[in-house]
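Chemist: So here's coords_1.txt (compact mmCIF, C-alpha atoms).
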```
# COMPACT_ATOMS: atom_id res chain seq x y z
CA MET A 13 14.14 5.06 21.48
CA ALA A 14 12.58 6.73 24.51
CA GLY A 15 11.12 10.06 25.45
CA LEU A 16 9.05 12.63 23.65
CA ALA A 17 10.26 11.69 20.15
CA LEU A 18 9.08 8.12 20.61
CA VAL A 19 5.71 9.25 21.95
CA SER A 20 5.22 11.63 19.01
CA ILE A 21 6.03 9.00 16.43
CA ALA A 22 3.94 6.39 18.22
CA LEU A 23 0.96 8.75 18.11
CA LEU A 24 1.52 9.24 14.40
CA LEU A 25 1.53 5.51 13.90
CA THR A 26 -1.75 5.05 15.72
CA ALA A 27 -3.56 8.17 14.33
CA ALA A 28 0.26 -1.67 -0.74
CA CYS A 29 0.58 -5.11 -5.12
CA GLY A 30 0.39 -10.03 -8.24
CA ASN A 31 -2.66 -10.27 -10.24
CA SER A 32 -5.80 -12.28 -9.68
CA GLY A 33 -7.69 -11.27 -12.74
CA GLU A 34 -8.75 -8.55 -15.09
CA ALA A 35 -11.94 -6.52 -15.05
CA LYS A 36 -14.87 -8.86 -15.88
CA PRO A 37 -18.66 -8.77 -15.64
CA ALA A 38 -19.58 -8.79 -11.97
CA SER A 39 -19.55 -12.33 -10.61
CA GLY A 40 -19.67 -13.68 -7.10
CA ALA A 41 -17.17 -15.88 -5.34
CA ASP A 42 -19.49 -18.79 -6.15
CA GLY A 43 -19.32 -18.07 -9.88
CA THR A 44 -22.74 -16.41 -10.20
CA THR A 45 -23.07 -13.28 -12.30
CA ALA A 46 -24.94 -10.15 -11.36
CA ALA A 47 -27.71 -11.21 -13.75
CA THR A 48 -28.24 -14.60 -12.07
CA VAL A 49 -28.17 -13.59 -8.39
CA LYS A 50 -31.65 -14.37 -7.05
CA LYS A 51 -33.96 -11.52 -6.11
CA GLY A 52 -33.08 -9.91 -2.81
CA ASP A 53 -29.43 -10.84 -2.96
CA VAL A 54 -26.64 -8.47 -3.96
CA THR A 55 -23.22 -8.63 -5.61
CA LEU A 56 -20.53 -6.19 -4.49
CA VAL A 57 -17.65 -5.60 -6.89
CA ILE A 58 -14.26 -5.11 -5.22
CA GLY A 59 -11.36 -3.49 -7.08
CA ALA A 60 -8.30 -3.68 -4.84
CA TYR A 61 -4.54 -3.56 -4.98
CA SER A 62 -2.92 -6.97 -4.92
CA VAL A 63 -1.28 -6.77 -1.48
CA ALA A 64 -4.73 -6.45 0.15
CA ARG A 65 -5.87 -9.80 -1.24
CA ASP A 66 -4.91 -11.99 1.73
CA ALA A 67 -6.63 -9.79 4.29
CA PHE A 68 -9.71 -9.47 2.09
CA SER A 69 -9.93 -13.25 1.84
CA LYS A 70 -10.81 -13.15 5.55
CA LEU A 71 -12.74 -9.87 5.63
CA LEU A 72 -15.21 -10.54 2.83
CA PRO A 73 -16.75 -13.72 4.28
CA GLN A 74 -16.86 -12.12 7.73
CA PHE A 75 -18.76 -9.16 6.36
CA ALA A 76 -21.08 -11.40 4.32
CA LYS A 77 -21.94 -13.39 7.46
CA GLU A 78 -22.69 -10.24 9.46
CA TRP A 79 -24.71 -8.70 6.63
CA LYS A 80 -26.78 -11.88 6.27
CA ALA A 81 -27.50 -11.93 10.00
CA LYS A 82 -28.44 -8.26 10.01
CA THR A 83 -30.50 -8.02 6.82
CA GLY A 84 -31.27 -11.56 5.67
CA GLN A 85 -29.63 -10.66 2.37
CA THR A 86 -26.88 -12.74 0.81
CA VAL A 87 -23.97 -10.68 -0.47
CA THR A 88 -21.54 -12.21 -2.93
CA PHE A 89 -18.36 -10.63 -4.25
CA GLN A 90 -16.64 -10.16 -7.54
CA GLU A 91 -12.99 -9.56 -6.65
CA SER A 92 -10.24 -8.07 -8.79
CA TYR A 93 -6.72 -7.64 -7.44
CA GLU A 94 -4.12 -5.77 -9.45
CA ALA A 95 -1.18 -3.44 -9.05
CA SER A 96 -2.68 -0.27 -7.61
CA GLY A 97 -2.00 1.98 -10.59
CA THR A 98 -3.32 -0.65 -12.98
CA GLN A 99 -6.45 -1.10 -10.88
CA ALA A 100 -7.06 2.65 -10.70
CA ARG A 101 -6.77 2.99 -14.47
CA ALA A 102 -9.15 0.04 -14.96
CA ILE A 103 -11.83 1.59 -12.73
CA ALA A 104 -11.36 5.03 -14.29
CA GLY A 105 -11.63 3.31 -17.69
CA GLY A 106 -14.92 1.57 -16.94
CA PHE A 107 -14.35 -1.47 -14.71
CA GLU A 108 -17.48 -1.30 -12.57
CA ALA A 109 -16.00 -1.69 -9.08
CA ASP A 110 -18.28 -0.62 -6.23
CA ILE A 111 -15.39 -0.36 -3.77
CA ALA A 112 -11.85 0.75 -4.61
CA ALA A 113 -9.21 -0.25 -2.04
CA LEU A 114 -5.86 0.95 -3.32
CA ALA A 115 -2.29 1.59 -2.26
CA MET A 116 -2.35 5.39 -2.19
CA GLU A 117 -4.69 8.34 -2.27
CA SER A 118 -3.42 9.56 -5.63
CA ASP A 119 -4.87 6.41 -7.23
CA ILE A 120 -8.26 7.09 -5.65
CA ASP A 121 -7.95 10.65 -6.96
CA LYS A 122 -7.48 9.31 -10.52
CA ILE A 123 -10.87 7.63 -10.24
CA ALA A 124 -12.43 10.78 -8.83
CA LYS A 125 -10.97 12.93 -11.61
CA ALA A 126 -12.48 10.52 -14.14
CA GLY A 127 -15.90 11.30 -12.62
CA PHE A 128 -16.58 7.96 -10.93
CA ILE A 129 -16.16 9.14 -7.31
CA THR A 130 -18.33 12.20 -6.72
CA SER A 131 -18.55 12.30 -2.93
CA ASP A 132 -15.84 13.44 -0.50
CA TRP A 133 -14.17 10.09 0.13
CA ARG A 134 -11.80 11.72 2.64
CA ALA A 135 -14.79 12.44 4.90
CA ALA A 136 -14.67 8.82 6.07
CA PRO A 137 -12.85 7.98 9.33
CA ASN A 138 -9.08 8.53 9.24
CA HIS A 139 -9.53 10.59 6.05
CA GLY A 140 -10.47 7.42 4.19
CA MET A 141 -7.35 5.45 5.14
CA ILE A 142 -8.10 1.86 6.18
CA THR A 143 -4.56 0.64 6.91
CA ARG A 144 -1.01 1.86 7.48
CA SER A 145 2.41 0.35 6.88
CA LEU A 146 6.05 1.35 6.37
CA ALA A 147 8.46 1.07 3.46
CA VAL A 148 11.12 -1.34 4.73
CA MET A 149 13.74 -3.78 3.46
CA GLY A 150 13.54 -7.54 3.58
CA THR A 151 16.53 -9.86 3.58
CA ARG A 152 17.02 -13.56 3.64
CA LYS A 153 17.62 -15.44 6.89
CA GLY A 154 20.61 -14.14 8.80
CA ASN A 155 20.81 -10.96 6.69
CA PRO A 156 23.85 -12.33 4.80
CA LYS A 157 24.63 -9.02 3.04
CA GLY A 158 24.57 -7.04 6.30
CA ILE A 159 21.79 -4.66 5.27
CA HIS A 160 21.02 -2.08 7.98
CA ASP A 161 19.94 1.11 6.19
CA TRP A 162 19.27 2.55 2.74
CA ASP A 163 22.97 3.33 2.20
CA ASP A 164 23.69 -0.40 2.15
CA LEU A 165 21.61 -0.75 -1.02
CA THR A 166 24.22 1.32 -2.88
CA ARG A 167 27.06 -1.11 -2.14
CA LYS A 168 28.70 -3.05 -4.93
CA GLY A 169 27.35 -6.58 -5.23
CA VAL A 170 24.02 -5.95 -3.44
CA LYS A 171 21.12 -6.95 -5.71
CA VAL A 172 17.95 -4.95 -5.00
CA LEU A 173 14.30 -5.59 -5.88
CA TYR A 174 11.37 -3.21 -5.96
CA PRO A 175 8.48 -2.95 -8.45
CA ASN A 176 7.75 -0.54 -11.29
CA PRO A 177 6.18 2.80 -10.29
CA LYS A 178 4.42 3.02 -13.65
CA THR A 179 2.04 0.29 -12.48
CA SER A 180 2.64 -0.21 -8.76
CA GLY A 181 1.55 2.03 -5.92
CA GLY A 182 3.90 0.09 -3.68
CA ALA A 183 6.81 1.06 -5.91
CA GLN A 184 5.91 4.72 -5.55
CA TRP A 185 5.87 4.35 -1.78
CA ASP A 186 9.30 2.64 -1.99
CA ILE A 187 10.76 5.41 -4.14
CA ASN A 188 9.17 8.09 -1.97
CA ALA A 189 10.84 6.49 1.04
CA MET A 190 14.30 6.33 -0.53
CA TYR A 191 14.12 9.80 -2.05
CA GLY A 192 12.80 11.19 1.25
CA ALA A 193 15.62 9.47 3.13
CA GLY A 194 18.05 11.23 0.79
CA LEU A 195 16.40 14.55 1.59
CA LYS A 196 16.62 13.76 5.30
CA GLU A 197 20.32 12.91 5.00
CA SER A 198 21.07 16.13 3.11
CA GLU A 199 19.08 18.12 5.64
CA ALA A 200 21.08 16.60 8.49
CA LYS A 201 24.35 17.51 6.75
CA THR A 202 23.53 20.99 5.45
CA GLY A 203 20.47 22.17 7.35
CA LYS A 204 18.20 22.12 4.30
CA LYS A 205 16.69 19.65 1.86
CA ASP A 206 18.83 19.10 -1.24
CA PRO A 207 16.83 17.54 -4.12
CA ALA A 208 20.02 16.98 -6.13
CA TYR A 209 21.51 14.96 -3.28
CA ALA A 210 18.29 12.94 -2.92
CA LYS A 211 18.19 12.25 -6.67
CA ASP A 212 21.80 11.03 -6.63
CA PHE A 213 21.03 8.85 -3.61
CA LEU A 214 18.11 7.27 -5.47
CA LYS A 215 20.24 6.85 -8.59
CA ARG A 216 22.95 4.98 -6.68
CA ILE A 217 20.38 2.56 -5.28
CA HIS A 218 18.74 2.07 -8.66
CA LYS A 219 22.04 0.98 -10.21
CA ASN A 220 21.74 -2.19 -8.11
CA VAL A 221 18.13 -2.98 -9.06
CA GLU A 222 17.71 -6.46 -10.56
CA SER A 223 14.23 -6.03 -12.04
CA LEU A 224 11.16 -3.80 -11.94
CA ASP A 225 8.13 -6.05 -11.55
CA LYS A 226 4.55 -5.05 -12.26
CA SER A 227 3.42 -5.01 -8.64
CA GLY A 228 4.60 -5.33 -5.06
CA ARG A 229 3.19 -8.85 -4.95
CA ALA A 230 5.03 -9.82 -8.17
CA SER A 231 8.25 -8.39 -6.76
CA MET A 232 7.72 -10.42 -3.59
CA ALA A 233 7.18 -13.55 -5.68
CA ALA A 234 10.46 -12.94 -7.52
CA PHE A 235 12.26 -12.57 -4.20
CA GLU A 236 10.74 -15.84 -3.02
CA TYR A 237 12.06 -17.54 -6.16
CA GLY A 238 15.56 -16.44 -5.18
CA VAL A 239 15.99 -13.24 -7.19
CA GLY A 240 17.95 -10.50 -5.43
CA ASP A 241 19.56 -10.05 -2.03
CA VAL A 242 17.17 -7.48 -0.58
CA ILE A 243 13.65 -6.35 -1.38
CA VAL A 244 12.17 -2.92 -0.73
CA THR A 245 8.52 -3.46 0.07
CA TYR A 246 5.64 -2.95 2.45
CA GLU A 247 6.34 -3.99 6.02
CA ASN A 248 3.03 -5.91 6.03
CA GLU A 249 4.13 -8.06 3.08
CA LEU A 250 7.16 -9.27 4.99
CA ARG A 251 5.33 -9.66 8.29
CA SER A 252 2.71 -11.82 6.61
CA ARG A 253 5.37 -14.03 5.00
CA ILE A 254 7.29 -14.40 8.25
CA LYS A 255 4.09 -15.34 10.07
CA SER A 256 3.52 -18.11 7.51
CA GLY A 257 6.98 -19.53 8.25
CA VAL A 258 9.19 -17.95 5.57
CA PRO A 259 12.54 -17.07 7.23
CA TYR A 260 12.91 -13.45 6.12
CA GLU A 261 14.25 -10.62 8.24
CA ILE A 262 12.81 -7.11 8.31
CA VAL A 263 15.18 -4.14 8.28
CA VAL A 264 13.47 -0.89 9.28
CA PRO A 265 15.58 2.04 8.02
CA LYS A 266 16.41 4.98 10.24
CA SER A 267 14.40 7.25 7.93
CA THR A 268 11.37 5.90 6.12
CA ILE A 269 7.86 6.85 5.11
CA LEU A 270 4.54 6.16 6.78
CA ILE A 271 2.35 4.43 4.18
CA GLU A 272 -1.38 5.08 4.27
CA ASN A 273 -3.78 2.98 2.17
CA PRO A 274 -7.25 4.30 1.28
CA ALA A 275 -10.60 2.83 0.30
CA ALA A 276 -13.58 4.57 -1.25
CA ILE A 277 -17.05 3.96 -2.64
CA VAL A 278 -17.18 4.38 -6.42
CA ASP A 279 -20.34 6.47 -6.53
CA LYS A 280 -21.16 6.17 -10.23
CA ASN A 281 -21.01 2.38 -10.06
CA VAL A 282 -22.91 1.81 -6.82
CA ASP A 283 -25.70 4.04 -8.08
CA LYS A 284 -25.79 2.12 -11.36
CA HIS A 285 -25.81 -1.25 -9.55
CA GLY A 286 -28.13 -0.22 -6.71
CA THR A 287 -25.52 -1.31 -4.17
CA ARG A 288 -24.92 1.89 -2.22
CA LYS A 289 -26.36 0.59 1.04
CA VAL A 290 -24.22 -2.54 1.16
CA ALA A 291 -21.16 -0.68 -0.14
CA GLU A 292 -21.47 1.92 2.61
CA ALA A 293 -21.84 -0.86 5.16
CA PHE A 294 -18.73 -2.64 3.88
CA LEU A 295 -16.67 0.55 3.91
CA SER A 296 -17.76 1.19 7.51
CA PHE A 297 -16.99 -2.43 8.41
CA MET A 298 -13.35 -1.99 7.40
CA PHE A 299 -12.91 0.61 10.16
CA THR A 300 -14.36 -1.60 12.90
CA PRO A 301 -12.07 -3.13 15.56
CA GLU A 302 -12.93 -6.58 14.20
CA ALA A 303 -11.73 -5.73 10.69
CA GLN A 304 -8.77 -3.74 11.93
CA GLN A 305 -7.62 -6.77 13.90
CA VAL A 306 -7.76 -8.83 10.70
CA PHE A 307 -5.59 -6.24 8.96
CA ALA A 308 -3.16 -6.44 11.90
CA ASP A 309 -3.12 -10.24 11.59
CA TYR A 310 -1.88 -9.77 8.03
CA GLY A 311 0.88 -7.38 9.04
CA PHE A 312 -0.72 -3.97 8.50
CA ARG A 313 -0.56 -1.25 11.14
CA PRO A 314 -4.17 -0.64 12.22
CA VAL A 315 -5.70 2.82 11.97
CA ASP A 316 -7.93 2.07 14.96
CA PRO A 317 -6.04 3.41 18.02
CA ALA A 318 -7.36 0.75 20.40
CA VAL A 319 -6.35 -2.09 18.08
CA MET A 320 -2.95 -0.50 17.44
CA ASP A 321 -2.42 -0.20 21.17
CA LYS A 322 -3.01 -3.95 21.52
CA VAL A 323 -0.42 -4.86 18.88
CA LYS A 324 2.09 -2.00 19.09
CA GLU A 325 4.75 -4.17 20.71
CA ASN A 326 4.97 -6.10 17.45
CA TYR A 327 6.14 -3.08 15.46
CA ASP A 328 9.43 -1.22 15.41
CA VAL A 329 9.38 2.57 15.53
CA PRO A 330 11.76 4.23 13.04
CA GLU A 331 14.05 6.88 14.42
CA ASP A 332 13.07 9.44 11.79
CA LEU A 333 9.62 8.62 10.42
CA PHE A 334 8.07 10.99 7.89
CA ASP A 335 4.86 11.02 5.88
CA ILE A 336 3.91 12.21 2.40
CA SER A 337 3.64 15.81 3.59
CA TYR A 338 7.45 15.89 4.07
CA LEU A 339 7.69 15.53 0.28
CA GLY A 340 5.09 18.24 -0.29
CA GLY A 341 2.01 16.00 -0.62
CA TRP A 342 0.90 13.80 -3.49
CA ASP A 343 0.36 16.61 -6.00
CA GLU A 344 3.94 17.77 -5.52
CA VAL A 345 5.26 14.20 -5.55
CA ARG A 346 3.52 13.42 -8.83
CA LYS A 347 5.07 16.50 -10.37
CA THR A 348 8.55 16.17 -8.85
CA LEU A 349 9.07 12.43 -9.09
CA TYR A 350 6.64 10.87 -11.55
CA SER A 351 5.93 13.43 -14.27
CA PRO A 352 7.51 12.68 -17.70
CA LYS A 353 10.48 14.89 -16.77
CA GLY A 354 10.45 13.99 -13.08
CA VAL A 355 13.23 12.64 -10.91
CA TRP A 356 12.26 8.99 -11.30
CA TYR A 357 12.32 9.10 -15.10
CA GLN A 358 15.62 10.95 -15.03
CA VAL A 359 17.03 8.20 -12.81
CA LEU A 360 15.60 5.55 -15.13
CA ALA A 361 17.25 7.27 -18.12
CA GLY A 362 20.55 7.69 -16.28
CA ILE A 363 20.34 11.49 -16.45
```
Spell out the structure here as structure tokens.
Modeler:
Amino acid sequence: MAGLALVSIALLLTAACGNSGEAKPASGADGTTAATVKKGDVTLVIGAYSVARDAFSKLLPQFAKEWKAKTGQTVTFQESYEASGTQARAIAGGFEADIAALAMESDIDKIAKAGFITSDWRAAPNHGMITRSLAVMGTRKGNPKGIHDWDDLTRKGVKVLYPNPKTSGGAQWDINAMYGAGLKESEAKTGKKDPAYAKDFLKRIHKNVESLDKSGRASMAAFEYGVGDVIVTYENELRSRIKSGVPYEIVVPKSTILIENPAAIVDKNVDKHGTRKVAEAFLSFMFTPEAQQVFADYGFRPVDPAVMDKVKENYDVPEDLFDISYLGGWDEVRKTLYSPKGVWYQVLAGI
């Protein structure tokens, strides 16, 4: 796609979920607990959504090396990776994470509403978003079912995977994308958004869903075991798998949503642990070109414009990209789609 539309979307693009463990007493990667770390050293507790785990496996030791060189202090990490919604509820319920890195801003807001984040986390660069991605479809080698857009997921005999929005932030992004695509299609046909049309569109896709896994990472694992014909997931999940040699194909729909993934300092916990200085440094580190390149290496779309410019040729630009504001923002989405009487639960109940 050329011209002004491409430039506008490209500017927008340059302007997430498995289980590695439950909340535990803070312990470093070397097995030490907060109580046994020698004087002068520090343990930073990371509570992240599962899809971020691979990138963090590279970022954490890089940061520790830089912090040691700068301060002489050894930083160790206690890492917990969960479905985003599960992780948010754990932190809001008392898991003492110093840093929350989650799939969507509404999960960070849950922690803030529980009183654990007291500062304006959106005051960070890029409004607190450390990575971007898209909701896309993944198929097996050769795309045997001929999947090209969301409509193809409604066809008879096509088995679809995406995770459960009750626990997974990635699932909510997936559903937002499909529901939003339905709104876009109705708008193209009638000149206005038709929520009833979008709900029916989502319902027809859901009829072909094989299973609703706990997280995006669990859904990806099921797909790798041979379940389903097509998976709806983060673009970065598929890009990372393809880079490791798995022969998947990425299908970028005509209309899909721009995913933005936030991180924030959990103020109540860093003040309790005395880790604010190192937590602030780690949060800042994630916005550096060095860290943004690591995120790009693992398939995310960088938020740093210079890094995105270096890798932009690797990414397709959807014809009709939209963001969460097209759906009215997260407050409206929570009410419209995910409240007890919302669209998603009506679809689930077959209403």
Chemist: When you look at Ala135 of chain A with a cut-off of 12 Å (counting all atoms listed in the file), what residues show up, excluding the ones that are within fewer than 2 positions of it in the same chain? I need them as an NGL selection string.
Modeler: :A and (131-133 or 137-141 or 274-277 or 296)
Chemist: Those residues with C-alpha atoms, as a short mmCIF file (atom, residue, chain, number, x, y, z; two decimals), in the frame of the given file please?
Modeler:
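Final output, saved to result-v1.cif:
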```cif
data_model
loop_
_atom_site.label_atom_id
_atom_site.label_comp_id
_atom_site.auth_asym_id
_atom_site.auth_seq_id
_atom_site.Cartn_x
_atom_site.Cartn_y
_atom_site.Cartn_z
CA SER A 131 -18.55 12.30 -2.93
CA ASP A 132 -15.84 13.44 -0.50
CA TRP A 133 -14.17 10.09 0.13
CA PRO A 137 -12.85 7.98 9.33
CA ASN A 138 -9.08 8.53 9.24
CA HIS A 139 -9.53 10.59 6.05
CA GLY A 140 -10.47 7.42 4.19
CA MET A 141 -7.35 5.45 5.14
CA PRO A 274 -7.25 4.30 1.28
CA ALA A 275 -10.60 2.83 0.30
CA ALA A 276 -13.58 4.57 -1.25
CA ILE A 277 -17.05 3.96 -2.64
CA SER A 296 -17.76 1.19 7.51
#
```
Chemist: Which residues are near Asp343 of chain A? Cut-off 12 Å, only C-alpha atoms, ignore same chain within fewer than 4 positions. Put them as a PyMOL selection string.
Modeler: chain A and resi 117-119+121-122+336-337+339+347-351
Chemist: Under the rule of at most 12 Å, produce a per-residue listing of segment 92-188 of chain A near segment 330-333 of chain A: chain, number, name, the closest pair of atoms, and the distance in Å, as a Markdown table, using only C-alpha atoms.
Modeler:
```
| residue | atom | partner | partner_atom | distance |
| --- | --- | --- | --- | --- |
| A:Ser145 | CA | A:Leu333 | CA | 11.5 |
| A:Leu146 | CA | A:Leu333 | CA | 9.1 |
| A:Ala147 | CA | A:Leu333 | CA | 10.3 |
| A:Val148 | CA | A:Pro330 | CA | 10.0 |
| A:Asp161 | CA | A:Pro330 | CA | 11.1 |
```
Chemist: With distances taken over only C-alpha atoms, which of A:Ala361, A:Val278, A:Ala76, A:Ala208 is nearest to Ala126 of chain A?
Modeler: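 Between A:Ala361, A:Val278, A:Ala76, A:Ala208, the residue approaching Ala126 of chain A most closely is A:Val278.
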Chemist: Between A:Ile123, A:Gly106, A:Lys215, A:Val244, single out the one closest to Pro265 of chain A, counting all atoms listed in the file.
Modeler: A:Val244
Chemist: What is the atom CA of Trp185 of chain A to atom CA of Val345 of chain A distance in Å?
Modeler: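 So the two atoms, atom CA of Trp185 of chain A and atom CA of Val345 of chain A, lie 10.6 Å apart.
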Chemist: If I take atom CA of Ala64 of chain A and atom CA of Gly52 of chain A, how far is one from the other in Å, to one decimal?
Modeler: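 Computing the Euclidean distance for atom CA of Ala64 of chain A and atom CA of Gly52 of chain A yields 28.7 Å.
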Chemist: For segment 280-301 of chain A, supply N, CA, C and O atoms and report the output as a compact mmCIF listing (two decimals), keeping the file's coordinate frame.
Modeler:
```txt
# COMPACT_ATOMS: atom_id res chain seq x y z
N LYS A 280 -20.48 6.40 -8.95
CA LYS A 280 -21.16 6.17 -10.23
C LYS A 280 -21.57 4.71 -10.38
O LYS A 280 -22.66 4.41 -10.89
N ASN A 281 -20.72 3.80 -9.89
CA ASN A 281 -21.01 2.38 -10.06
C ASN A 281 -22.02 1.87 -9.05
O ASN A 281 -22.90 1.07 -9.40
N VAL A 282 -21.93 2.30 -7.80
CA VAL A 282 -22.91 1.81 -6.82
C VAL A 282 -24.31 2.31 -7.16
O VAL A 282 -25.30 1.61 -6.95
N ASP A 283 -24.39 3.52 -7.69
CA ASP A 283 -25.70 4.04 -8.08
C ASP A 283 -26.25 3.28 -9.29
O ASP A 283 -27.45 3.01 -9.38
N LYS A 284 -25.37 2.91 -10.20
CA LYS A 284 -25.79 2.12 -11.36
C LYS A 284 -26.24 0.72 -10.94
O LYS A 284 -27.23 0.19 -11.45
N HIS A 285 -25.52 0.12 -9.97
CA HIS A 285 -25.81 -1.25 -9.55
C HIS A 285 -26.88 -1.33 -8.46
O HIS A 285 -27.36 -2.43 -8.16
N GLY A 286 -27.21 -0.20 -7.84
CA GLY A 286 -28.13 -0.22 -6.71
C GLY A 286 -27.53 -0.84 -5.47
O GLY A 286 -28.24 -1.47 -4.67
N THR A 287 -26.22 -0.65 -5.27
CA THR A 287 -25.52 -1.31 -4.17
C THR A 287 -24.99 -0.33 -3.12
O THR A 287 -24.14 -0.69 -2.32
N ARG A 288 -25.49 0.89 -3.12
CA ARG A 288 -24.92 1.89 -2.22
C ARG A 288 -25.03 1.46 -0.75
O ARG A 288 -24.08 1.60 0.02
N LYS A 289 -26.17 0.93 -0.36
CA LYS A 289 -26.36 0.59 1.04
C LYS A 289 -25.34 -0.44 1.52
O LYS A 289 -24.69 -0.27 2.56
N VAL A 290 -25.16 -1.50 0.75
CA VAL A 290 -24.22 -2.54 1.16
C VAL A 290 -22.77 -2.06 1.01
O VAL A 290 -21.90 -2.41 1.82
N ALA A 291 -22.51 -1.22 0.03
CA ALA A 291 -21.16 -0.68 -0.14
C ALA A 291 -20.79 0.23 1.03
O ALA A 291 -19.67 0.16 1.55
N GLU A 292 -21.72 1.05 1.45
CA GLU A 292 -21.47 1.92 2.61
C GLU A 292 -21.24 1.08 3.86
O GLU A 292 -20.36 1.39 4.68
N ALA A 293 -22.01 0.01 3.99
CA ALA A 293 -21.84 -0.86 5.16
C ALA A 293 -20.48 -1.54 5.14
O ALA A 293 -19.82 -1.67 6.19
N PHE A 294 -20.04 -1.97 3.95
CA PHE A 294 -18.73 -2.64 3.88
C PHE A 294 -17.60 -1.66 4.16
O PHE A 294 -16.63 -2.00 4.86
N LEU A 295 -17.70 -0.45 3.63
CA LEU A 295 -16.67 0.55 3.91
C LEU A 295 -16.60 0.81 5.42
O LEU A 295 -15.51 0.86 6.00
N SER A 296 -17.74 0.97 6.06
CA SER A 296 -17.76 1.19 7.51
C SER A 296 -17.19 -0.01 8.26
O SER A 296 -16.48 0.15 9.26
N PHE A 297 -17.49 -1.20 7.78
CA PHE A 297 -16.99 -2.43 8.41
C PHE A 297 -15.47 -2.45 8.47
O PHE A 297 -14.88 -2.91 9.45
N MET A 298 -14.81 -1.93 7.44
CA MET A 298 -13.35 -1.99 7.40
C MET A 298 -12.70 -1.14 8.49
O MET A 298 -11.53 -1.33 8.80
N PHE A 299 -13.44 -0.21 9.07
CA PHE A 299 -12.91 0.61 10.16
C PHE A 299 -13.22 0.04 11.54
O PHE A 299 -12.77 0.58 12.54
N THR A 300 -13.99 -1.04 11.61
CA THR A 300 -14.36 -1.60 12.90
C THR A 300 -13.16 -2.29 13.56
O THR A 300 -12.24 -2.74 12.87
N PRO A 301 -13.16 -2.40 14.88
CA PRO A 301 -12.07 -3.13 15.56
C PRO A 301 -11.90 -4.55 15.04
O PRO A 301 -10.77 -5.04 14.91
```
